[in-house]
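Novice: Enclosed is the structure file entry27.txt (compact mmCIF, C-alpha atoms).
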```
# COMPACT_ATOMS: atom_id res chain seq x y z
CA MET A 1065 -4.74 -11.94 35.51
CA GLN A 1066 -8.27 -11.30 34.20
CA LYS A 1067 -7.30 -7.74 33.30
CA GLN A 1068 -4.37 -9.05 31.25
CA ARG A 1069 -6.67 -11.51 29.43
CA ASN A 1070 -9.12 -8.71 28.68
CA GLU A 1071 -6.32 -6.57 27.25
CA ILE A 1072 -5.13 -9.44 25.04
CA ALA A 1073 -8.69 -10.10 23.86
CA GLU A 1074 -9.18 -6.41 23.14
CA GLU A 1075 -5.93 -6.29 21.15
CA ASN A 1076 -6.92 -9.40 19.16
CA LEU A 1077 -10.33 -7.87 18.40
CA LYS A 1078 -8.62 -4.69 17.23
CA TYR A 1079 -6.54 -6.63 14.71
CA LEU A 1080 -9.55 -8.67 13.56
CA THR A 1081 -11.36 -5.46 12.61
CA GLU A 1082 -8.35 -3.42 11.57
CA LEU A 1083 -6.78 -5.83 9.08
CA PRO A 1084 -9.85 -6.42 6.88
CA LEU A 1085 -10.60 -2.70 6.74
CA LEU A 1086 -7.01 -1.90 5.76
CA PHE A 1087 -6.97 -4.61 3.07
CA LEU A 1088 -10.31 -3.47 1.70
CA THR A 1089 -9.31 0.20 1.68
CA GLY A 1090 -6.02 -0.49 -0.07
CA GLY A 1091 -7.38 -3.04 -2.51
CA VAL A 1092 -10.42 -1.08 -3.61
CA GLY A 1093 -8.55 2.22 -3.48
CA TYR A 1094 -5.76 1.08 -5.76
CA TYR A 1095 -8.12 -0.71 -8.14
CA VAL A 1096 -10.17 2.48 -8.53
CA ILE A 1097 -7.07 4.63 -9.02
CA GLU A 1098 -5.88 2.31 -11.75
CA LEU A 1099 -9.29 2.34 -13.44
CA LEU A 1100 -9.24 6.14 -13.43
CA TRP A 1101 -5.61 6.32 -14.64
CA ARG A 1102 -5.55 3.54 -17.27
CA GLY A 1103 -9.19 2.70 -17.79
CA ARG A 1104 -8.60 -0.92 -16.79
CA SER A 1105 -7.08 -3.03 -14.04
CA HIS A 1106 -6.48 -6.64 -13.04
CA TRP A 1107 -7.64 -8.44 -9.88
CA SER A 1108 -4.03 -8.93 -8.81
CA MET A 1109 -3.63 -5.16 -8.54
CA ALA A 1110 -6.25 -5.08 -5.81
CA LEU A 1111 -4.12 -7.56 -3.85
CA CYS A 1112 -0.98 -5.48 -4.45
CA GLY A 1113 -2.86 -2.35 -3.39
CA ALA A 1114 -4.00 -4.07 -0.21
CA LEU A 1115 -0.46 -5.15 0.67
CA ALA A 1116 0.94 -1.71 -0.12
CA PHE A 1117 -1.70 0.02 2.00
CA LEU A 1118 -1.04 -2.32 4.91
CA PHE A 1119 2.68 -1.49 4.67
CA ILE A 1120 1.98 2.25 4.57
CA TYR A 1121 -0.38 1.99 7.52
CA ARG A 1122 2.12 0.02 9.60
CA LEU A 1123 4.92 2.43 8.66
CA ASN A 1124 2.84 5.36 9.88
CA GLU A 1125 1.93 3.37 12.97
CA ALA A 1126 5.61 2.73 13.74
CA TYR A 1127 6.61 6.35 13.03
CA PRO A 1128 3.50 8.42 13.80
CA HIS A 1129 5.41 11.70 14.00
CA ALA A 1130 7.76 11.15 11.07
CA HIS A 1131 7.81 13.71 8.29
CA LEU A 1132 5.30 12.90 5.55
CA LEU A 1133 8.00 12.98 2.89
CA PHE A 1134 10.01 10.34 4.80
CA CYS A 1135 6.97 8.05 4.93
CA ALA A 1136 6.09 8.75 1.30
CA LEU A 1137 9.63 7.91 0.14
CA GLN A 1138 9.72 4.70 2.18
CA SER A 1139 6.27 3.76 0.89
CA ALA A 1140 7.22 4.46 -2.73
CA LEU A 1141 10.31 2.27 -2.37
CA PHE A 1142 8.18 -0.55 -0.99
CA ILE A 1143 5.58 -0.17 -3.75
CA THR A 1144 8.27 -0.11 -6.43
CA GLY A 1145 9.75 -3.32 -5.03
CA LEU A 1146 6.30 -4.88 -4.84
CA GLU A 1147 5.61 -3.80 -8.40
CA LEU A 1148 8.88 -5.35 -9.58
CA ALA A 1149 8.17 -8.64 -7.80
CA ALA A 1150 4.55 -8.76 -8.99
CA GLY A 1151 5.57 -7.82 -12.52
CA CYS A 1152 8.24 -10.50 -12.70
CA VAL A 1153 5.74 -13.15 -11.60
CA LEU A 1154 2.56 -11.94 -13.30
CA ASN A 1155 3.93 -10.43 -16.50
CA LEU A 1156 7.24 -12.11 -17.22
CA TRP A 1157 6.72 -15.58 -15.75
CA LEU A 1158 2.95 -16.10 -16.16
CA GLY A 1159 2.63 -13.86 -19.23
CA PHE A 1160 -0.45 -11.91 -18.10
CA GLY A 1161 0.79 -8.68 -19.72
CA ILE A 1162 -0.86 -6.44 -17.15
CA TRP A 1163 1.64 -3.61 -17.76
CA ASP A 1164 4.79 -2.96 -19.72
CA TYR A 1165 7.09 -0.02 -19.01
CA SER A 1166 9.71 -1.06 -21.56
CA GLY A 1167 9.12 2.18 -23.50
CA MET A 1168 9.59 4.35 -20.42
CA PRO A 1169 12.88 5.96 -19.39
CA TYR A 1170 14.99 4.38 -16.65
CA GLN A 1171 13.01 1.13 -16.58
CA ILE A 1172 14.02 -2.31 -15.32
CA LEU A 1173 12.73 -5.38 -17.20
CA GLY A 1174 9.75 -3.30 -18.32
CA GLN A 1175 8.22 -3.78 -14.86
CA ILE A 1176 9.28 -0.64 -12.98
CA CYS A 1177 10.46 2.78 -14.11
CA LEU A 1178 11.66 5.98 -12.50
CA PRO A 1179 8.74 8.20 -13.61
CA TYR A 1180 6.18 5.93 -11.95
CA SER A 1181 8.34 5.51 -8.85
CA LEU A 1182 8.37 9.30 -8.49
CA LEU A 1183 4.61 9.36 -9.04
CA TRP A 1184 4.30 6.87 -6.18
CA VAL A 1185 6.05 9.35 -3.88
CA ALA A 1186 3.46 12.00 -4.73
CA LEU A 1187 0.54 9.57 -4.37
CA CYS A 1188 1.82 8.25 -1.06
CA ILE A 1189 1.64 11.64 0.65
CA PRO A 1190 -2.20 11.70 0.77
CA VAL A 1191 -2.23 7.97 1.50
CA CYS A 1192 0.01 8.56 4.54
CA ILE A 1193 -2.35 11.32 5.66
CA LEU A 1194 -5.29 8.92 5.25
CA CYS A 1195 -3.48 6.25 7.29
CA ARG A 1196 -2.75 8.71 10.09
CA TRP A 1197 -6.36 9.86 10.06
CA MET A 1198 -7.63 6.26 10.19
CA ARG A 1199 -5.36 5.49 13.14
CA ARG A 1200 -6.61 8.50 15.12
CA VAL A 1201 -10.29 8.59 14.16
CA ILE A 1202 -11.27 5.00 13.33
CA PHE A 1203 -8.87 2.96 15.45
CA LEU A 1204 -8.54 5.57 18.21
CA ALA A 1205 -4.75 5.51 18.47
CA ASP A 1206 -3.22 7.96 20.90
CA ASP A 1207 0.24 8.74 19.64
```
Show me the file's structure as structure tokens.

Specialist:
Amino acid sequence: MQKQRNEIAEENLKYLTELPLLFLTGGVGYYVIELLWRGRSHWSMALCGALAFLFIYRLNEAYPHAHLLFCALQSALFITGLELAAGCVLNLWLGFGIWDYSGMPYQILGQICLPYSLLWVALCIPVCILCRWMRRVIFLADD
């Protein structure tokens, strides 16, 4: 009984340390990428980056031996959906004007476009590698 309690406490402690580090890595990482790419960003993009990184981490946790391209494609689909949802709320509804892809080919509502979705696939490959590394080295997962 005590052993089971210790295992539960250890698992809870793991999530209490893991979640903030994942959010911070994704939030800061995406914010910096956007600053380098566009020269500016918005605080909401740090939140989107944190959510996207958490998804990518959990995807790689669920499928630790999956092909990187599979994980990158799944991640890019998630990010594109997140970008559409965030864009509809932040840009179209609230009028923040953070981005506008209306001049890009194959765009939807000016919030997502095919060229950037493909770029997400390429960017997600090293992010998946980072997530796998973090699981093994920082969080000591044994897949």

Novice: Restricting the calculation to only C-alpha atoms, which member of A:Trp1184, A:Trp1163, A:Tyr1170, A:Tyr1095 is positioned closest to Ile1143 of chain A?

Specialist: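 Counting only C-alpha atoms, the residue closest to Ile1143 of chain A is A:Trp1184.
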
Novice: Excluding Ala1114 of chain A and any residue of its chain fewer than 5 positions from it, enumerate the residues within 12 Å of it, using only C-alpha atoms, and give them as an MDAnalysis selection string.

Specialist: chainID A and resid 1083:1095 1107:1109 1119:1121 1143 1146

Novice: For Gly1167 of chain A, which of A:Ala1186, A:Glu1098, A:Tyr1079, A:Pro1179 is the closest residue, counting all atoms listed in the file?

Specialist: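 Comparing A:Ala1186, A:Glu1098, A:Tyr1079, A:Pro1179 against Gly1167 of chain A, the winner is A:Pro1179.
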
Novice: Can you tell me which residues surround His1131 of chain A at a distance of at most 12 Å, considering only C-alpha atoms, apart from same-chain residues fewer than 4 positions away, and format the answer as a list in words?

Specialist: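 Contacts, in chain order: Leu1123, Asn1124, Tyr1127, Cys1135, Ala1136, Leu1137, Gln1138, Ile1189, Cys1192, Ile1193 and Arg1196 of chain A.
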
Novice: Identify, on the basis of all atoms listed in the file, every residue whose closest approach to Tyr1165 of chain A does not exceed 7 Å; exclude the query and any residue fewer than 5 positions from it along the same chain; express the result as a list in words.

Specialist: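 After dropping sequence-adjacent residues, the list is Gln1171, Gly1174, Gln1175, Ile1176 and Cys1177 of chain A.
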
Novice: Work out how far atom CA of Thr1081 of chain A is from atom CA of Ala1205 of chain A, in Å to one decimal.

Specialist: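 We find that atom CA of Ala1205 of chain A and atom CA of Thr1081 of chain A lie 14.1 Å from each other.
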
Novice: For a quick check of your reading of the model, name the residues lying within 9 Å of the coordinate (-0.5, -9.9, -13.9), counting only C-alpha atoms, and write them as a PDB file with C-alpha atoms, in the coordinates of the input.

Specialist:
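Listing of point16.pdb after writing:
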```
ATOM      1  CA  HIS A1106      -6.480  -6.640 -13.040  1.00  0.00           C
ATOM      2  CA  TRP A1107      -7.640  -8.440  -9.880  1.00  0.00           C
ATOM      3  CA  SER A1108      -4.030  -8.930  -8.810  1.00  0.00           C
ATOM      4  CA  MET A1109      -3.630  -5.160  -8.540  1.00  0.00           C
ATOM      5  CA  ALA A1150       4.550  -8.760  -8.990  1.00  0.00           C
ATOM      6  CA  GLY A1151       5.570  -7.820 -12.520  1.00  0.00           C
ATOM      7  CA  CYS A1152       8.240 -10.500 -12.700  1.00  0.00           C
ATOM      8  CA  VAL A1153       5.740 -13.150 -11.600  1.00  0.00           C
ATOM      9  CA  LEU A1154       2.560 -11.940 -13.300  1.00  0.00           C
ATOM     10  CA  ASN A1155       3.930 -10.430 -16.500  1.00  0.00           C
ATOM     11  CA  LEU A1156       7.240 -12.110 -17.220  1.00  0.00           C
ATOM     12  CA  LEU A1158       2.950 -16.100 -16.160  1.00  0.00           C
ATOM     13  CA  GLY A1159       2.630 -13.860 -19.230  1.00  0.00           C
ATOM     14  CA  PHE A1160      -0.450 -11.910 -18.100  1.00  0.00           C
ATOM     15  CA  GLY A1161       0.790  -8.680 -19.720  1.00  0.00           C
ATOM     16  CA  ILE A1162      -0.860  -6.440 -17.150  1.00  0.00           C
ATOM     17  CA  TRP A1163       1.640  -3.610 -17.760  1.00  0.00           C
TER      18      TRP A1163
END
```

Novice: Would you compute the distance between atom CA of Leu1194 of chain A and atom CA of Leu1148 of chain A? Give it in Å to one decimal.

Specialist: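 About the pair atom CA of Leu1194 of chain A and atom CA of Leu1148 of chain A: they are 25.0 Å apart.
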
Novice: Do you have the atom CA of Leu1115 of chain A-atom CA of Thr1144 of chain A distance handy?

Specialist: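 According to the coordinates, atom CA of Leu1115 of chain A and atom CA of Thr1144 of chain A are separated by 12.3 Å.
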
Novice: Can you work out which one of A:Ile1097, A:Ala1149, A:Leu1118, A:Met1198 has the shortest atom-to-atom distance to Ile1172 of chain A, counting only C-alpha atoms?

Specialist: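 Under the stated criterion, the closest residue is A:Ala1149.
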
Novice: Please write out, as lines of an AutoDock Vina configuration file, where the centre of an axis-aligned box around all listed atoms of segment 1136-1145 of chain A lies and how long its edges are, in Å to one decimal, after adding 6 Å on each side.

Specialist:
```
center_x = 7.9
center_y = 2.7
center_z = -2.1
size_x = 16.7
size_y = 24.1
size_z = 20.6
```

Novice: Rebuild segment 1132-1154 of chain A to N, CA and C atoms - output it as a PDB file, in the coordinates of the input, please.

Specialist:
```pdb
ATOM      1  N   LEU A1132       6.082  13.554   6.604  1.00  0.00           N
ATOM      2  CA  LEU A1132       5.300  12.900   5.550  1.00  0.00           C
ATOM      3  C   LEU A1132       6.172  12.489   4.369  1.00  0.00           C
ATOM      4  N   LEU A1133       7.150  13.309   4.029  1.00  0.00           N
ATOM      5  CA  LEU A1133       8.000  12.980   2.890  1.00  0.00           C
ATOM      6  C   LEU A1133       8.825  11.723   3.174  1.00  0.00           C
ATOM      7  N   PHE A1134       9.287  11.553   4.416  1.00  0.00           N
ATOM      8  CA  PHE A1134      10.010  10.340   4.800  1.00  0.00           C
ATOM      9  C   PHE A1134       9.123   9.117   4.584  1.00  0.00           C
ATOM     10  N   CYS A1135       7.888   9.189   5.076  1.00  0.00           N
ATOM     11  CA  CYS A1135       6.970   8.050   4.930  1.00  0.00           C
ATOM     12  C   CYS A1135       6.609   7.823   3.470  1.00  0.00           C
ATOM     13  N   ALA A1136       6.433   8.891   2.720  1.00  0.00           N
ATOM     14  CA  ALA A1136       6.090   8.750   1.300  1.00  0.00           C
ATOM     15  C   ALA A1136       7.240   8.113   0.523  1.00  0.00           C
ATOM     16  N   LEU A1137       8.467   8.509   0.818  1.00  0.00           N
ATOM     17  CA  LEU A1137       9.630   7.910   0.140  1.00  0.00           C
ATOM     18  C   LEU A1137       9.764   6.432   0.485  1.00  0.00           C
ATOM     19  N   GLN A1138       9.645   6.103   1.752  1.00  0.00           N
ATOM     20  CA  GLN A1138       9.720   4.700   2.180  1.00  0.00           C
ATOM     21  C   GLN A1138       8.604   3.880   1.522  1.00  0.00           C
ATOM     22  N   SER A1139       7.415   4.452   1.484  1.00  0.00           N
ATOM     23  CA  SER A1139       6.270   3.760   0.890  1.00  0.00           C
ATOM     24  C   SER A1139       6.477   3.549  -0.606  1.00  0.00           C
ATOM     25  N   ALA A1140       6.981   4.569  -1.281  1.00  0.00           N
ATOM     26  CA  ALA A1140       7.220   4.460  -2.730  1.00  0.00           C
ATOM     27  C   ALA A1140       8.285   3.406  -3.023  1.00  0.00           C
ATOM     28  N   LEU A1141       9.296   3.310  -2.187  1.00  0.00           N
ATOM     29  CA  LEU A1141      10.310   2.270  -2.370  1.00  0.00           C
ATOM     30  C   LEU A1141       9.697   0.883  -2.201  1.00  0.00           C
ATOM     31  N   PHE A1142       8.851   0.732  -1.199  1.00  0.00           N
ATOM     32  CA  PHE A1142       8.180  -0.550  -0.990  1.00  0.00           C
ATOM     33  C   PHE A1142       7.293  -0.891  -2.182  1.00  0.00           C
ATOM     34  N   ILE A1143       6.495   0.073  -2.630  1.00  0.00           N
ATOM     35  CA  ILE A1143       5.580  -0.170  -3.750  1.00  0.00           C
ATOM     36  C   ILE A1143       6.354  -0.503  -5.015  1.00  0.00           C
ATOM     37  N   THR A1144       7.462   0.182  -5.252  1.00  0.00           N
ATOM     38  CA  THR A1144       8.270  -0.110  -6.430  1.00  0.00           C
ATOM     39  C   THR A1144       8.832  -1.526  -6.366  1.00  0.00           C
ATOM     40  N   GLY A1145       9.282  -1.939  -5.195  1.00  0.00           N
ATOM     41  CA  GLY A1145       9.750  -3.320  -5.030  1.00  0.00           C
ATOM     42  C   GLY A1145       8.634  -4.326  -5.209  1.00  0.00           C
ATOM     43  N   LEU A1146       7.474  -4.011  -4.672  1.00  0.00           N
ATOM     44  CA  LEU A1146       6.300  -4.880  -4.840  1.00  0.00           C
ATOM     45  C   LEU A1146       5.900  -4.964  -6.305  1.00  0.00           C
ATOM     46  N   GLU A1147       5.952  -3.830  -6.982  1.00  0.00           N
ATOM     47  CA  GLU A1147       5.610  -3.800  -8.400  1.00  0.00           C
ATOM     48  C   GLU A1147       6.612  -4.621  -9.227  1.00  0.00           C
ATOM     49  N   LEU A1148       7.877  -4.552  -8.878  1.00  0.00           N
ATOM     50  CA  LEU A1148       8.880  -5.350  -9.580  1.00  0.00           C
ATOM     51  C   LEU A1148       8.635  -6.842  -9.351  1.00  0.00           C
ATOM     52  N   ALA A1149       8.409  -7.224  -8.108  1.00  0.00           N
ATOM     53  CA  ALA A1149       8.170  -8.640  -7.800  1.00  0.00           C
ATOM     54  C   ALA A1149       6.886  -9.141  -8.479  1.00  0.00           C
ATOM     55  N   ALA A1150       5.812  -8.358  -8.362  1.00  0.00           N
ATOM     56  CA  ALA A1150       4.550  -8.760  -8.990  1.00  0.00           C
ATOM     57  C   ALA A1150       4.694  -8.812 -10.503  1.00  0.00           C
ATOM     58  N   GLY A1151       5.383  -7.839 -11.072  1.00  0.00           N
ATOM     59  CA  GLY A1151       5.570  -7.820 -12.520  1.00  0.00           C
ATOM     60  C   GLY A1151       6.383  -8.994 -13.021  1.00  0.00           C
ATOM     61  N   CYS A1152       7.424  -9.350 -12.289  1.00  0.00           N
ATOM     62  CA  CYS A1152       8.240 -10.500 -12.700  1.00  0.00           C
ATOM     63  C   CYS A1152       7.418 -11.785 -12.689  1.00  0.00           C
ATOM     64  N   VAL A1153       6.566 -11.945 -11.680  1.00  0.00           N
ATOM     65  CA  VAL A1153       5.740 -13.150 -11.600  1.00  0.00           C
ATOM     66  C   VAL A1153       4.580 -13.082 -12.594  1.00  0.00           C
ATOM     67  N   LEU A1154       3.790 -12.015 -12.515  1.00  0.00           N
ATOM     68  CA  LEU A1154       2.560 -11.940 -13.300  1.00  0.00           C
ATOM     69  C   LEU A1154       2.802 -11.694 -14.785  1.00  0.00           C
TER      70      LEU A1154
END
```
